[in-house]
Structure formats: structure tokens, C-alpha cells
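**Q** Dumping the structure here so I can ask a few things about it.
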Amino acid sequence: TTATTTNTERLVKYSERHLYVTLAEKYRTNEFNAQCVAIRNGMSTILPMQRLSLWTWYELEKNVCGDSSFDLTNLMKHTRYKNGLNKNSKLVIWLWKILESFDVSGRQNFLRFVWGRTRLPLEEEGWLDSNLFTVNRRQRSEREVRKLEEMDEVAKGKHEDAMLPEAHTCFNQFFLPNYTNMEVMKERILFAITYCSSIDTDDN
């Protein structure tokens with residue numbers, strides 16, 4: 001084991017092992033003090049610090065970050081549909097059945113894909129009109145429309161089934177291709193939320 005200082009590095013002697021562990025523990029438990037102080041100072045501009053003692057750490061996390069349990073009913077309540085879709089559309093029914101089959105982690109991954117976050121707003125005030133989850137049918141370009149006109153129904157189905165869903169995280173919008181069955185949709189959604197969850201670009 002080596003002990004590292006600002007300018008030098010040396011081996012820790014066996015006789016120094018207890019001192020090394022003590023110093024290493026002290027360093028690790030204090031290395032983010034400056035960041036914690038900055039966070040505390042920021043929070044103090046919003047609410048009196050003495051009031052925080054009224055909450056447990058869990059209550060504070062829940063009120064600041066939202067509930068990690070992910071209430072799917074809450075998401076459904078705050079969903080709107082566009083581009084020819086409604087709550088009774090085949091694609092929409094499949095979507096909710098698929099999300100119901102996901103565990104909490106899977107639903108959080110889905111939310112990260114469509115909204116860039118893993119928790120839903122805790123209070124009704126968090127659901128501004130611009131925050132509503134929007135499910136859209138994927139729009140086709142004119143070139144794609146012309147191409148599809150030359151295909152039979154089987155070929156059109158394969159064309160749609162090969163596509164991944166899209167999302168605009170800034171607007172909490174989700175775009176579904178016209179999949180031919182729920183199994184294909186689930187497979188494509190799982191692939192997208194697992195491998196395409198970067199929010200460094202506008203579209204996922």
C-alpha cells in the first residue's frame with residue numbers, strides 16, 4: 001500500500017497501518033466538505049436551515065427529488081396524446097401494458113429516456129402544461145411516405161417494426177412508430193431505454 005501526499009508518495013509501513021486507515025477514513029469523510037457547504041448555502045437562500053430538522057433525510061429527499069416508487073397511474077393521469085392517437089388507440093393501450101410489466105427500475109429508465117429524469121413530480125404544481133407527458137405517433141417524412149406507397153402491407157409492417165421509438169427530453173415527448181404487435185414494441189422500447197438514454201442531445 002502506498003501513502004500519497006501532495007508532492008510525494010511512499011510505502012506505508014506495517015507498523016503505520018492503523019494510522020493510515022484512520023487518516024484515509026478522515027480524508028474520505030471530509031473530502032466533499034466544500035461542496036456540502038455550497039449546497040447548504042444554496043438551500044439557505046430558499047428556506048431557513050433550522051426547519052430542516054423537522055424532516056428526516058428520506059422526507060427531505062422525497063420533497064426535493066420526488067418519490068422513487070414511480071406511480072404509473074400518476075403518469076397516465078398527466079398524459080396527452082397527439083398525431084392521431086388517443087387513450088383507446090392500439091399503440092397507447094400496448095404502451096401502458098408494457099410499462100405496467102416493467103419494475104420500478106425499468107419505469108425509471110423509461111422516464112429518463114423521455115424526460116431526462118427518473119422521478120415524477122411529487123405535487124400537482126410540478127405538472128405544468130409544458131411538463132405533461134405527450135405520446136405521439138411518429139411522423140413520416142414526405143420521402144418516407146412515397147417509399148411506403150410502393151410497399152405492400154407486409155413490407156410496411158417490417159419497415160415500422162425495424163424502427164426505434166424517439167423522444168424529445170426537453171418537452172417530455174415520446175414518438176411511437178406504428179408497430180404491428182405489442183411484443184415488437186416492447187423489444188424496441190427496452191432497447192431504446194437501455195442503450196439510447198443519453199440526454200446530451202435533443203433527441204434520444
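Residue names in the C-alpha cells use chain letters A, B, ... in the order shown, residue numbers from 1 in each chain, and ligand numbers from 1 in the order shown.
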Identify all residues of stretch 6-204 of chain A in helix (DSSP H, G or I) (DSSP on the backbone) and supply them as a PyMOL selection string.
**A** chain A and resi 14-30+33-44+49-54+57-65+72-77+90-101+104-115+124-126+129-131+142-149+153-161+169-171+182-195
**Q** Excluding same-chain residues fewer than 4 positions from A:Ser89, what lies within 12 Å of it counting only C-alpha atoms, as a ChimeraX atom specification?
**A** /A:81-85,93-96,135-137,176,178
**Q** Take the residues from that selection and write them out as a PDB file, in the first residue's frame, keeping C-alpha atoms.
**A**
```
ATOM      1  CA  TYR A  81     -51.962  12.221 -26.990  1.00  0.00           C
ATOM      2  CA  LYS A  82     -51.233  13.748 -30.387  1.00  0.00           C
ATOM      3  CA  ASN A  83     -50.854  12.938 -34.094  1.00  0.00           C
ATOM      4  CA  GLY A  84     -53.971  10.788 -34.294  1.00  0.00           C
ATOM      5  CA  LEU A  85     -53.529   8.911 -31.002  1.00  0.00           C
ATOM      6  CA  ILE A  93     -53.018   0.505 -24.891  1.00  0.00           C
ATOM      7  CA  TRP A  94     -49.913  -1.526 -25.684  1.00  0.00           C
ATOM      8  CA  LEU A  95     -47.649   1.165 -24.247  1.00  0.00           C
ATOM      9  CA  TRP A  96     -49.373   1.195 -20.851  1.00  0.00           C
ATOM     10  CA  VAL A 135     -47.390  10.378 -26.639  1.00  0.00           C
ATOM     11  CA  ASN A 136     -47.212  10.938 -30.396  1.00  0.00           C
ATOM     12  CA  ARG A 137     -47.427   8.759 -33.456  1.00  0.00           C
ATOM     13  CA  LEU A 176     -44.063   5.698 -31.436  1.00  0.00           C
ATOM     14  CA  ASN A 178     -46.803   2.099 -35.954  1.00  0.00           C
TER      15      ASN A 178
END
```
**Q** Determine the nearest neighbour of A:Gln173 from the options A:Asn63, A:Ser130, A:Ser53, A:Asn33, counting only C-alpha atoms.
**A**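 Nearest candidate to A:Gln173 out of A:Asn63, A:Ser130, A:Ser53, A:Asn33: A:Ser130.
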**Q** I'd like to know which residues of stretch 4-195 of chain A are strand (DSSP E or B) (by DSSP, run on the backbone); could you write them as a PyMOL selection string?
**A** chain A and resi 4+9-11+67+79-82+120+133-137+166-168+173-176
**Q** For the selection you just gave me, I'd like the residues written to a file as a PDB file, in the first residue's frame, keeping N, CA and C atoms.
**A**
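The file below, out28.pdb, is the result:
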```pdb
ATOM      1  N   THR A   4      -0.109   8.647  -0.261  1.00  0.00           N
ATOM      2  CA  THR A   4       0.111   9.747  -1.193  1.00  0.00           C
ATOM      3  C   THR A   4      -0.098  11.072  -0.488  1.00  0.00           C
ATOM      4  N   GLU A   9       5.019  10.336  -2.637  1.00  0.00           N
ATOM      5  CA  GLU A   9       4.328   9.065  -2.495  1.00  0.00           C
ATOM      6  C   GLU A   9       5.308   8.082  -1.889  1.00  0.00           C
ATOM      7  N   ARG A  10       4.890   7.363  -0.860  1.00  0.00           N
ATOM      8  CA  ARG A  10       5.791   6.406  -0.229  1.00  0.00           C
ATOM      9  C   ARG A  10       5.010   5.204   0.262  1.00  0.00           C
ATOM     10  N   LEU A  11       5.690   4.115   0.505  1.00  0.00           N
ATOM     11  CA  LEU A  11       5.073   2.909   1.023  1.00  0.00           C
ATOM     12  C   LEU A  11       4.677   3.102   2.478  1.00  0.00           C
ATOM     13  N   ASP A  67     -40.815  11.123  -5.515  1.00  0.00           N
ATOM     14  CA  ASP A  67     -40.957   9.771  -4.975  1.00  0.00           C
ATOM     15  C   ASP A  67     -40.314   8.770  -5.921  1.00  0.00           C
ATOM     16  N   THR A  79     -50.957  12.595 -18.919  1.00  0.00           N
ATOM     17  CA  THR A  79     -50.523  12.267 -20.280  1.00  0.00           C
ATOM     18  C   THR A  79     -51.527  12.811 -21.289  1.00  0.00           C
ATOM     19  N   ARG A  80     -51.025  13.322 -22.392  1.00  0.00           N
ATOM     20  CA  ARG A  80     -51.886  13.732 -23.501  1.00  0.00           C
ATOM     21  C   ARG A  80     -51.388  13.035 -24.764  1.00  0.00           C
ATOM     22  N   TYR A  81     -52.257  12.978 -25.769  1.00  0.00           N
ATOM     23  CA  TYR A  81     -51.962  12.221 -26.990  1.00  0.00           C
ATOM     24  C   TYR A  81     -52.111  13.122 -28.206  1.00  0.00           C
ATOM     25  N   LYS A  82     -51.223  12.920 -29.183  1.00  0.00           N
ATOM     26  CA  LYS A  82     -51.233  13.748 -30.387  1.00  0.00           C
ATOM     27  C   LYS A  82     -51.004  12.900 -31.638  1.00  0.00           C
ATOM     28  N   LEU A 120     -41.075  11.219 -10.944  1.00  0.00           N
ATOM     29  CA  LEU A 120     -42.190  12.073 -11.325  1.00  0.00           C
ATOM     30  C   LEU A 120     -42.335  13.221 -10.328  1.00  0.00           C
ATOM     31  N   PHE A 133     -46.705  14.579 -20.040  1.00  0.00           N
ATOM     32  CA  PHE A 133     -46.155  13.528 -20.888  1.00  0.00           C
ATOM     33  C   PHE A 133     -46.988  13.452 -22.161  1.00  0.00           C
ATOM     34  N   THR A 134     -46.338  13.540 -23.306  1.00  0.00           N
ATOM     35  CA  THR A 134     -47.044  13.559 -24.582  1.00  0.00           C
ATOM     36  C   THR A 134     -46.639  12.356 -25.420  1.00  0.00           C
ATOM     37  N   VAL A 135     -47.626  11.554 -25.799  1.00  0.00           N
ATOM     38  CA  VAL A 135     -47.390  10.378 -26.639  1.00  0.00           C
ATOM     39  C   VAL A 135     -47.847  10.709 -28.055  1.00  0.00           C
ATOM     40  N   ASN A 136     -46.936  10.606 -29.003  1.00  0.00           N
ATOM     41  CA  ASN A 136     -47.212  10.938 -30.396  1.00  0.00           C
ATOM     42  C   ASN A 136     -47.023   9.717 -31.293  1.00  0.00           C
ATOM     43  N   ARG A 137     -47.759   9.690 -32.388  1.00  0.00           N
ATOM     44  CA  ARG A 137     -47.427   8.759 -33.456  1.00  0.00           C
ATOM     45  C   ARG A 137     -46.271   9.361 -34.246  1.00  0.00           C
ATOM     46  N   GLU A 166     -38.720   7.344 -30.497  1.00  0.00           N
ATOM     47  CA  GLU A 166     -37.913   8.547 -30.320  1.00  0.00           C
ATOM     48  C   GLU A 166     -38.467   9.356 -29.154  1.00  0.00           C
ATOM     49  N   ALA A 167     -37.632  10.251 -28.628  1.00  0.00           N
ATOM     50  CA  ALA A 167     -38.076  11.102 -27.525  1.00  0.00           C
ATOM     51  C   ALA A 167     -37.430  12.466 -27.616  1.00  0.00           C
ATOM     52  N   HIS A 168     -38.158  13.486 -27.174  1.00  0.00           N
ATOM     53  CA  HIS A 168     -37.628  14.836 -27.011  1.00  0.00           C
ATOM     54  C   HIS A 168     -37.645  15.137 -25.516  1.00  0.00           C
ATOM     55  N   GLN A 173     -41.704  14.362 -24.564  1.00  0.00           N
ATOM     56  CA  GLN A 173     -42.491  13.833 -25.668  1.00  0.00           C
ATOM     57  C   GLN A 173     -41.929  12.492 -26.140  1.00  0.00           C
ATOM     58  N   PHE A 174     -42.833  11.583 -26.470  1.00  0.00           N
ATOM     59  CA  PHE A 174     -42.489  10.234 -26.883  1.00  0.00           C
ATOM     60  C   PHE A 174     -43.147   9.957 -28.223  1.00  0.00           C
ATOM     61  N   PHE A 175     -42.374   9.425 -29.192  1.00  0.00           N
ATOM     62  CA  PHE A 175     -42.866   9.191 -30.543  1.00  0.00           C
ATOM     63  C   PHE A 175     -42.796   7.703 -30.865  1.00  0.00           C
ATOM     64  N   LEU A 176     -43.966   7.128 -31.174  1.00  0.00           N
ATOM     65  CA  LEU A 176     -44.063   5.698 -31.436  1.00  0.00           C
ATOM     66  C   LEU A 176     -44.254   5.409 -32.919  1.00  0.00           C
TER      67      LEU A 176
END
```
**Q** Ranking A:Tyr27, A:Pro121, A:Thr22, A:Glu144 by minimum distance to A:His78 and counting only C-alpha atoms, which one comes first?
**A**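 When distances to A:His78 are compared using only C-alpha atoms, the smallest one comes from A:Pro121.
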**Q** Can you measure atom CA of A:Asp161 to atom CA of A:Lys186 for me? One decimal in Å is fine.
**A**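 If I compute the distance from atom CA of A:Asp161 to atom CA of A:Lys186, I get 10.8 Å.
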